[in-house]
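Asker: My file is input21.tsv. It has TSV, C-alpha atoms:
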chain	number	residue	atom	x	y	z
A	1	MET	CA	29.19	-13.65	46.56
A	2	SER	CA	28.11	-17.00	45.22
A	3	ARG	CA	25.96	-19.34	47.21
A	4	ARG	CA	27.30	-22.80	48.01
A	5	GLY	CA	25.35	-25.74	46.70
A	6	PRO	CA	23.21	-26.24	43.61
A	7	VAL	CA	20.43	-23.81	42.71
A	8	ALA	CA	17.46	-24.73	40.53
A	9	GLY	CA	15.61	-22.45	38.15
A	10	ILE	CA	12.16	-23.52	37.03
A	11	ASP	CA	10.34	-21.75	34.19
A	12	ILE	CA	6.64	-22.54	34.38
A	13	GLY	CA	5.21	-21.51	31.03
A	14	SER	CA	1.69	-21.91	29.79
A	15	ARG	CA	2.71	-24.82	27.54
A	16	SER	CA	5.87	-26.29	29.01
A	17	ILE	CA	7.96	-26.31	32.17
A	18	GLU	CA	11.76	-26.25	32.06
A	19	LEU	CA	14.17	-26.95	34.87
A	20	VAL	CA	17.86	-26.03	35.03
A	21	VAL	CA	20.14	-26.80	37.97
A	22	VAL	CA	23.39	-24.81	38.28
A	23	GLU	CA	26.29	-24.90	40.70
A	24	ASP	CA	29.22	-22.46	40.67
A	25	GLY	CA	28.07	-21.31	37.24
A	26	ASN	CA	28.01	-24.80	35.71
A	27	ILE	CA	24.86	-26.45	34.44
A	28	LEU	CA	24.39	-29.75	36.29
A	29	HIS	CA	21.02	-30.85	35.01
A	30	THR	CA	18.20	-29.83	32.65
A	31	ALA	CA	14.72	-31.30	32.21
A	32	LYS	CA	11.48	-30.41	30.49
A	33	ALA	CA	7.82	-31.44	30.76
A	34	PRO	CA	4.53	-30.24	29.31
A	35	THR	CA	2.56	-27.96	31.64
A	36	THR	CA	-0.73	-29.89	31.37
A	37	PHE	CA	-3.67	-28.99	33.59
A	38	ALA	CA	-1.73	-29.98	36.73
A	39	PRO	CA	1.37	-27.75	36.59
A	40	LEU	CA	2.34	-28.22	40.23
A	41	ALA	CA	2.31	-32.00	39.89
A	42	GLN	CA	4.52	-31.63	36.80
A	43	CYS	CA	6.91	-29.38	38.77
A	44	ARG	CA	7.09	-31.95	41.54
A	45	ARG	CA	7.83	-34.66	38.99
A	46	LEU	CA	10.65	-32.60	37.44
A	47	LEU	CA	12.10	-31.75	40.85
A	48	ASP	CA	11.90	-35.31	42.15
A	49	GLY	CA	15.39	-36.38	43.22
A	50	VAL	CA	16.89	-32.98	42.39
A	51	MET	CA	19.23	-31.69	45.06
A	52	ALA	CA	18.98	-27.92	45.27
A	53	ALA	CA	19.67	-25.54	48.11
A	54	LYS	CA	17.26	-23.07	46.56
A	55	ILE	CA	14.67	-22.99	43.80
A	56	VAL	CA	13.85	-19.84	41.83
A	57	ALA	CA	10.62	-19.90	39.83
A	58	THR	CA	9.79	-17.80	36.80
A	59	GLY	CA	7.19	-17.80	34.05
A	60	TYR	CA	3.45	-17.66	33.95
A	61	GLY	CA	3.05	-20.15	36.83
A	62	ARG	CA	5.70	-18.72	39.16
A	63	LYS	CA	3.24	-17.28	41.69
A	64	LEU	CA	1.32	-20.51	41.96
A	65	PHE	CA	4.56	-22.38	42.54
A	66	ALA	CA	5.90	-19.83	45.06
A	67	GLU	CA	2.72	-20.10	47.13
A	68	THR	CA	3.47	-23.77	47.73
A	69	ARG	CA	7.09	-23.05	48.70
A	70	PRO	CA	7.14	-19.88	50.81
A	71	GLU	CA	10.73	-20.63	51.92
A	72	ASP	CA	12.17	-19.95	48.44
B	1	MET	CA	10.78	-15.81	42.19
B	2	ILE	CA	11.64	-13.50	39.30
B	3	THR	CA	9.74	-12.27	36.26
B	4	GLU	CA	10.29	-13.93	32.89
B	5	ILE	CA	11.75	-10.68	31.63
B	6	GLN	CA	14.55	-10.69	34.21
B	7	ALA	CA	15.02	-14.45	33.81
B	8	TYR	CA	15.38	-14.21	30.01
B	9	ALA	CA	17.74	-11.26	30.31
B	10	LEU	CA	20.04	-13.19	32.67
B	11	GLY	CA	19.83	-16.46	30.75
B	12	ALA	CA	20.46	-14.76	27.40
B	13	ARG	CA	23.58	-12.96	28.65
B	14	ARG	CA	24.93	-16.22	29.99
B	15	GLU	CA	24.52	-17.84	26.54
B	16	PHE	CA	25.92	-14.85	24.63
B	17	PRO	CA	27.46	-12.16	26.86
B	18	ASP	CA	27.14	-9.33	24.29
B	19	VAL	CA	23.44	-9.75	23.55
B	20	ARG	CA	21.47	-6.48	23.39
B	21	THR	CA	18.06	-7.74	22.26
B	22	VAL	CA	16.23	-10.87	23.38
B	23	LEU	CA	13.33	-12.33	21.45
B	24	ASP	CA	11.40	-15.19	23.01
B	25	ILE	CA	8.62	-16.89	21.12
B	26	GLY	CA	7.05	-19.43	23.39
B	27	GLY	CA	4.09	-21.72	23.18
B	28	GLN	CA	1.62	-19.05	24.11
B	29	ASP	CA	3.38	-15.72	24.36
B	30	THR	CA	6.03	-13.59	22.70
B	31	LYS	CA	8.38	-11.20	24.45
B	32	VAL	CA	11.01	-8.78	23.23
B	33	ILE	CA	13.57	-7.29	25.62
B	34	SER	CA	16.16	-4.55	25.11
B	35	LEU	CA	19.31	-4.74	27.21
B	36	SER	CA	21.93	-2.11	27.96
B	37	THR	CA	25.60	-2.92	27.29
B	38	GLU	CA	25.79	-4.03	30.94
B	39	GLY	CA	22.81	-6.36	30.49
B	40	ARG	CA	20.23	-4.28	32.32
B	41	VAL	CA	16.65	-4.43	30.98
B	42	THR	CA	15.91	-1.05	29.39
B	43	LYS	CA	12.67	-1.81	27.57
B	44	PHE	CA	10.41	-4.77	26.94
B	45	GLU	CA	7.15	-5.72	25.38
B	46	MET	CA	5.11	-8.84	25.86
B	47	ASN	CA	2.20	-10.32	23.97
B	48	ASP	CA	0.39	-12.81	26.14
B	49	ARG	CA	-3.15	-11.93	25.19
B	50	CYS	CA	-3.45	-13.62	21.83
B	51	ALA	CA	-2.22	-16.80	20.13
B	52	ALA	CA	-1.30	-14.92	16.94
B	53	GLY	CA	2.45	-14.67	16.54
B	54	THR	CA	3.20	-17.42	19.08
B	55	GLY	CA	4.10	-21.09	18.93
B	56	LYS	CA	0.43	-21.90	19.31
B	57	PHE	CA	-0.23	-20.25	15.94
B	58	LEU	CA	2.35	-22.49	14.25
B	59	GLU	CA	1.09	-25.58	16.07
B	60	PHE	CA	-2.46	-24.85	15.01
B	61	MET	CA	-1.45	-24.27	11.38
B	62	ALA	CA	0.83	-27.34	11.23
B	63	THR	CA	-2.11	-29.43	12.40
B	64	ALA	CA	-4.37	-27.84	9.79
B	65	LEU	CA	-1.84	-28.66	7.04
B	66	GLN	CA	-1.21	-32.12	8.56
B	67	ILE	CA	2.53	-31.57	9.01
B	68	PRO	CA	4.27	-32.58	12.27
B	69	LEU	CA	5.10	-29.39	14.20
B	70	GLU	CA	8.85	-30.26	14.40
B	71	ALA	CA	9.00	-30.52	10.59
B	72	PHE	CA	6.87	-27.45	9.84
B	73	GLY	CA	9.77	-25.01	9.42
B	74	GLU	CA	11.71	-27.27	7.02
B	75	PHE	CA	8.51	-27.89	5.11
B	76	ALA	CA	7.88	-24.14	4.69
B	77	LEU	CA	11.45	-23.66	3.44
B	78	GLN	CA	10.56	-25.84	0.42
B	79	ALA	CA	8.21	-23.12	-0.84
B	80	ASP	CA	8.76	-21.92	-4.41
B	81	ARG	CA	6.95	-18.64	-4.00
B	82	ARG	CA	6.01	-16.28	-1.23
B	83	ILE	CA	2.36	-15.66	-0.72
B	84	GLN	CA	0.98	-13.20	1.74
B	85	ILE	CA	-1.46	-14.33	4.39
B	86	ASN	CA	-3.41	-11.20	5.31
B	87	SER	CA	-5.04	-12.37	8.52
B	88	MET	CA	-2.98	-12.05	11.67
B	89	CYS	CA	-5.66	-13.79	13.71
B	90	THR	CA	-5.08	-17.52	14.24
B	91	VAL	CA	-8.68	-18.40	13.45
B	92	PHE	CA	-8.96	-16.23	10.31
B	93	ALA	CA	-5.50	-17.25	9.08
B	94	GLU	CA	-6.64	-20.87	9.16
B	95	SER	CA	-9.65	-20.09	6.95
B	96	GLU	CA	-7.37	-18.16	4.63
B	97	ALA	CA	-5.00	-21.14	4.45
B	98	THR	CA	-7.90	-23.48	3.79
B	99	SER	CA	-9.20	-21.38	0.91
B	100	LEU	CA	-5.71	-21.16	-0.60
B	101	MET	CA	-5.57	-24.97	-0.46
B	102	ALA	CA	-8.93	-25.15	-2.20
B	103	ARG	CA	-7.54	-22.89	-4.95
B	104	GLY	CA	-4.70	-25.36	-5.50
B	105	GLU	CA	-1.85	-23.47	-3.82
B	106	LYS	CA	1.04	-25.72	-2.78
B	107	ALA	CA	0.97	-26.58	0.92
B	108	ALA	CA	4.63	-25.53	1.31
B	109	ASN	CA	3.81	-22.08	-0.08
B	110	ILE	CA	0.94	-21.70	2.37
B	111	ALA	CA	3.23	-22.84	5.19
B	112	MET	CA	5.75	-20.19	4.10
B	113	GLY	CA	2.99	-17.55	4.06
B	114	LEU	CA	2.04	-18.50	7.62
B	115	HIS	CA	5.68	-18.28	8.73
B	116	LEU	CA	5.96	-14.87	7.06
B	117	ALA	CA	2.88	-13.75	9.02
B	118	ILE	CA	4.38	-14.73	12.37
B	119	VAL	CA	7.68	-13.05	11.45
B	120	GLN	CA	5.89	-9.84	10.41
B	121	ARG	CA	4.16	-9.73	13.74
B	122	THR	CA	7.43	-10.32	15.58
B	123	LEU	CA	9.17	-7.61	13.57
B	124	SER	CA	6.58	-5.01	14.51
B	125	MET	CA	7.11	-5.83	18.19
B	126	LEU	CA	10.87	-5.56	17.69
B	127	ARG	CA	10.53	-2.24	15.87
B	128	ARG	CA	8.47	-0.83	18.73
B	129	ILE	CA	11.23	-1.44	21.27
B	130	GLY	CA	14.04	-0.81	18.74
B	131	VAL	CA	16.53	-3.54	17.86
B	132	THR	CA	20.18	-3.34	18.86
B	133	PHE	CA	22.41	-6.20	17.74
B	134	PRO	CA	23.39	-8.89	18.58
B	135	ILE	CA	19.92	-10.39	18.92
B	136	LEU	CA	19.22	-13.71	20.64
B	137	PHE	CA	16.21	-15.82	19.71
B	138	ALA	CA	14.88	-18.13	22.45
B	139	GLY	CA	11.78	-20.16	23.25
B	140	GLY	CA	10.38	-23.25	21.58
B	141	VAL	CA	9.82	-21.48	18.25
B	142	ALA	CA	13.59	-20.85	18.00
B	143	HIS	CA	13.80	-24.54	16.97
B	144	ASN	CA	11.97	-23.59	13.78
B	145	PRO	CA	14.53	-23.00	11.00
B	146	CYS	CA	12.13	-21.05	8.78
B	147	VAL	CA	11.32	-18.44	11.45
B	148	LYS	CA	15.04	-18.03	12.14
B	149	VAL	CA	15.94	-17.64	8.44
B	150	LEU	CA	13.14	-15.13	7.79
B	151	LEU	CA	14.07	-13.08	10.86
B	152	ALA	CA	17.74	-12.93	9.88
B	153	GLU	CA	16.76	-12.00	6.33
B	154	SER	CA	14.47	-9.15	7.44
B	155	LEU	CA	16.87	-7.84	10.09
B	156	GLN	CA	19.86	-8.29	7.75
B	157	GLU	CA	21.84	-9.49	10.75
B	158	PRO	CA	22.58	-12.95	12.13
B	159	VAL	CA	20.11	-14.23	14.72
B	160	LEU	CA	21.76	-16.12	17.60
B	161	VAL	CA	19.98	-19.25	18.80
B	162	PRO	CA	21.33	-21.07	21.88
B	163	ASP	CA	21.78	-24.86	21.76
B	164	ASP	CA	18.77	-25.31	23.98
B	165	PRO	CA	16.54	-22.29	23.31
B	166	ASP	CA	13.74	-23.56	25.59
B	167	MET	CA	15.97	-23.43	28.65
B	168	VAL	CA	16.92	-19.72	28.65
B	169	GLY	CA	14.26	-18.67	31.21
B	170	ALA	CA	14.97	-21.53	33.63
B	171	LEU	CA	18.71	-20.92	33.29
B	172	GLY	CA	18.22	-17.22	34.08
B	173	ALA	CA	16.12	-18.07	37.14
B	174	ALA	CA	18.81	-20.44	38.44
B	175	LEU	CA	21.55	-17.85	37.83
B	176	TYR	CA	19.50	-15.28	39.72
B	177	GLY	CA	19.39	-17.74	42.65
B	178	LEU	CA	23.18	-18.08	42.57
B	179	LYS	CA	23.64	-14.33	42.46
B	180	THR	CA	21.27	-13.51	45.30
B	181	GLY	CA	22.68	-16.24	47.56
Represent the structure of the file as structure tokens.
Answerer:
Amino acid sequence: MSRRGPVAGIDIGSRSIELVVVEDGNILHTAKAPTTFAPLAQCRRLLDGVMAAKIVATGYGRKLFAETRPED
Amino acid sequence: MITEIQAYALGARREFPDVRTVLDIGGQDTKVISLSTEGRVTKFEMNDRCAAGTGKFLEFMATALQIPLEAFGEFALQADRRIQINSMCTVFAESEATSLMARGEKAANIAMGLHLAIVQRTLSMLRRIGVTFPILFAGGVAHNPCVKVLLAESLQEPVLVPDDPDMVGALGAALYGLKTG
């Protein structure tokens, strides 16, 4: 039961943030940025222009991120 | 939103479908995860309370020895003898390294000692959860060839490192999104 459209995974660690976009099991895009003291701004920068039907957050900063995107 | 443990389990199985143990050494934490043959998390342990045994430890020590972090593993592999660094603590290990320098020990040997210290710490975490092979090594520290070599040597088994070891958690999170629809 696979969802249609790309899905993004974002791993917000204490030192770096990684982004992977997958669709139908294929990796479409990957990106990485340092966490810095403004992790949400870094997440926004990584996600800028990324088309994703859904974003799943993980890592140390996942709760912070999820609070800003209650729909995911 | 999923925990790092679930994310790493999913990402690791995508990289190597038979993986039974996942080791992640990140910039500021270390986690070890045991998986069943079906890929279910059966046990895990996480150290996120202390820099010792994490990437931060290596970064701190590379800076102290004035070696670029990316080259630190290769540098340590040039060691001609293995010295033991007794302090596990990042702060005390640095003073120990400094006094070894003052006694004329080669920097590469000190670097090797510091790598051995991080591997020892990792091995005790792995022993606590029990290692089943194959084992996958992820996180930024998986780029370090010395840590990989020492782990494989101590475990007497190959250590699998994905092409992009930093991405395992993000990949797992995305795969979870696909699965849950």
Asker: Rank A:Ala57, A:Leu64, A:Cys43, A:Ile12 by their smallest atom-to-atom distance to chain B, using all atoms listed in the file, and report the top residue only.
Answerer: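 The shortest atom-to-atom distance to chain B comes from A:Ala57.
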Asker: Per residue of chain B within 8 Å of chain A, note the shortest atom pair and the distance in Å to one decimal, counting all atoms listed in the file, and order the rows by chain and increasing residue number, as JSON lines.
Answerer:
{"residue": "B:Met1", "atom": "CA", "partner": "A:Ala57", "partner_atom": "CA", "distance": 4.7}
{"residue": "B:Ile2", "atom": "CA", "partner": "A:Thr58", "partner_atom": "CA", "distance": 5.3}
{"residue": "B:Thr3", "atom": "CA", "partner": "A:Thr58", "partner_atom": "CA", "distance": 5.6}
{"residue": "B:Glu4", "atom": "CA", "partner": "A:Gly59", "partner_atom": "CA", "distance": 5.1}
{"residue": "B:Ala7", "atom": "CA", "partner": "A:Thr58", "partner_atom": "CA", "distance": 6.9}
{"residue": "B:Gly27", "atom": "CA", "partner": "A:Arg15", "partner_atom": "CA", "distance": 5.5}
{"residue": "B:Gln28", "atom": "CA", "partner": "A:Ser14", "partner_atom": "CA", "distance": 6.4}
{"residue": "B:Asp166", "atom": "CA", "partner": "A:Glu18", "partner_atom": "CA", "distance": 7.3}
{"residue": "B:Met167", "atom": "CA", "partner": "A:Glu18", "partner_atom": "CA", "distance": 6.1}
{"residue": "B:Gly169", "atom": "CA", "partner": "A:Asp11", "partner_atom": "CA", "distance": 5.8}
{"residue": "B:Ala170", "atom": "CA", "partner": "A:Gly9", "partner_atom": "CA", "distance": 4.7}
{"residue": "B:Leu171", "atom": "CA", "partner": "A:Val20", "partner_atom": "CA", "distance": 5.5}
{"residue": "B:Gly172", "atom": "CA", "partner": "A:Gly9", "partner_atom": "CA", "distance": 7.1}
{"residue": "B:Ala173", "atom": "CA", "partner": "A:Gly9", "partner_atom": "CA", "distance": 4.5}
{"residue": "B:Ala174", "atom": "CA", "partner": "A:Gly9", "partner_atom": "CA", "distance": 3.8}
{"residue": "B:Leu175", "atom": "CA", "partner": "A:Val22", "partner_atom": "CA", "distance": 7.2}
{"residue": "B:Tyr176", "atom": "CA", "partner": "A:Val56", "partner_atom": "CA", "distance": 7.6}
{"residue": "B:Gly177", "atom": "CA", "partner": "A:Val56", "partner_atom": "CA", "distance": 6.0}
{"residue": "B:Leu178", "atom": "CA", "partner": "A:Arg3", "partner_atom": "CA", "distance": 5.6}
{"residue": "B:Lys179", "atom": "CA", "partner": "A:Ser2", "partner_atom": "CA", "distance": 5.9}
{"residue": "B:Thr180", "atom": "CA", "partner": "A:Ser2", "partner_atom": "CA", "distance": 7.7}
{"residue": "B:Gly181", "atom": "CA", "partner": "A:Arg3", "partner_atom": "CA", "distance": 4.5}
Asker: From the list A:Leu46, A:Gly61, A:Ala52, A:Thr68, which residue is nearest A:Leu28 when using all atoms listed in the file?
Answerer: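 Once distances to A:Leu28 are computed over all atoms listed in the file, the minimum belongs to A:Ala52.
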Asker: Between atom CA of B:His143 and atom CA of B:Pro165, measure the distance and give it in Å to one decimal.
Answerer: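 Computed distance, atom CA of B:His143 to atom CA of B:Pro165, equals 7.3 Å.
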Asker: Give me the residues within 12 Å of B:Val19 as a list in words, counting only C-alpha atoms and dropping any in the same chain fewer than 6 places off.
Answerer: Tyr8, Ala9, Leu10, Gly11, Ala12, Arg13, Ile33, Ser34, Leu35, Ser36, Thr37, Glu38, Gly39, Arg40, Val41, Val131, Thr132, Phe133, Pro134, Ile135, Leu136, Phe137, Pro158, Val159, Leu160, Val161 and Pro162 of chain B
Asker: Give me, as JSON lines, each residue of stretch 33-141 of chain B that comes within 8 Å of stretch 150-154 of chain B, together with its shortest interatomic pair and the distance in Å at one decimal, counting all atoms listed in the file, with rows ordered by chain and rising residue number.
Answerer:
{"residue": "B:Leu116", "atom": "CA", "partner": "B:Leu150", "partner_atom": "CA", "distance": 7.2}
{"residue": "B:Val119", "atom": "CA", "partner": "B:Leu151", "partner_atom": "CA", "distance": 6.4}
{"residue": "B:Leu123", "atom": "CA", "partner": "B:Leu151", "partner_atom": "CA", "distance": 7.8}
Asker: Could you tell me how far atom CA of B:Asp18 sits from atom CA of B:Phe44, in Å to one decimal place?
Answerer: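 Separating atom CA of B:Phe44 from atom CA of B:Asp18 is a distance of 17.5 Å.
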Asker: Please, what distance in Å, to one decimal, runs between atom CA of B:Val149 and atom CA of B:Gly130?
Answerer: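 If I compute the distance from atom CA of B:Val149 to atom CA of B:Gly130, I get 19.8 Å.
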Asker: Go through B:Pro17, B:Ala102, B:Asp48, B:Ala111 one by one, measure the shortest atom-to-atom distance of each to B:Phe60 using all atoms listed in the file, and give the residue with the smallest value.
Answerer: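 Among the listed residues, B:Ala111 lies closest to B:Phe60.
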Asker: Neighbours of B:Glu59 within 9 Å (all atoms listed in the file; same-chain residues fewer than 2 positions away dropped), as a list in words?
Answerer: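 Here the answer would be Gly27, Thr54, Gly55, Lys56, Phe57, Met61, Ala62, Thr63, Ala64, Pro68, Leu69 and Phe72 of chain B.
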Asker: Given the choices B:Gly140, B:Leu65, B:Leu155, B:Thr30, which gets closest to B:Met101 if the distance is worked out from all atoms listed in the file?
Answerer: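 Of B:Gly140, B:Leu65, B:Leu155, B:Thr30, the one nearest B:Met101, counting all atoms listed in the file, is B:Leu65.
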Asker: Find the spatial neighbours of B:Ile83, counting all atoms listed in the file, within a cut-off of 8 Å - ignore same-chain residues fewer than 3 positions away - and output them as a list in words.
Answerer: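 The residues that qualify are Asn109, Ile110, Met112 and Gly113 of chain B.
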Asker: Can you write out the residues you just picked, keeping C-alpha atoms, as a tab-separated table (two decimals), keeping the file's coordinate frame?
Answerer:
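Below you can see out19.tsv, which holds the result:
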chain	number	residue	atom	x	y	z
B	109	ASN	CA	3.81	-22.08	-0.08
B	110	ILE	CA	0.94	-21.70	2.37
B	112	MET	CA	5.75	-20.19	4.10
B	113	GLY	CA	2.99	-17.55	4.06
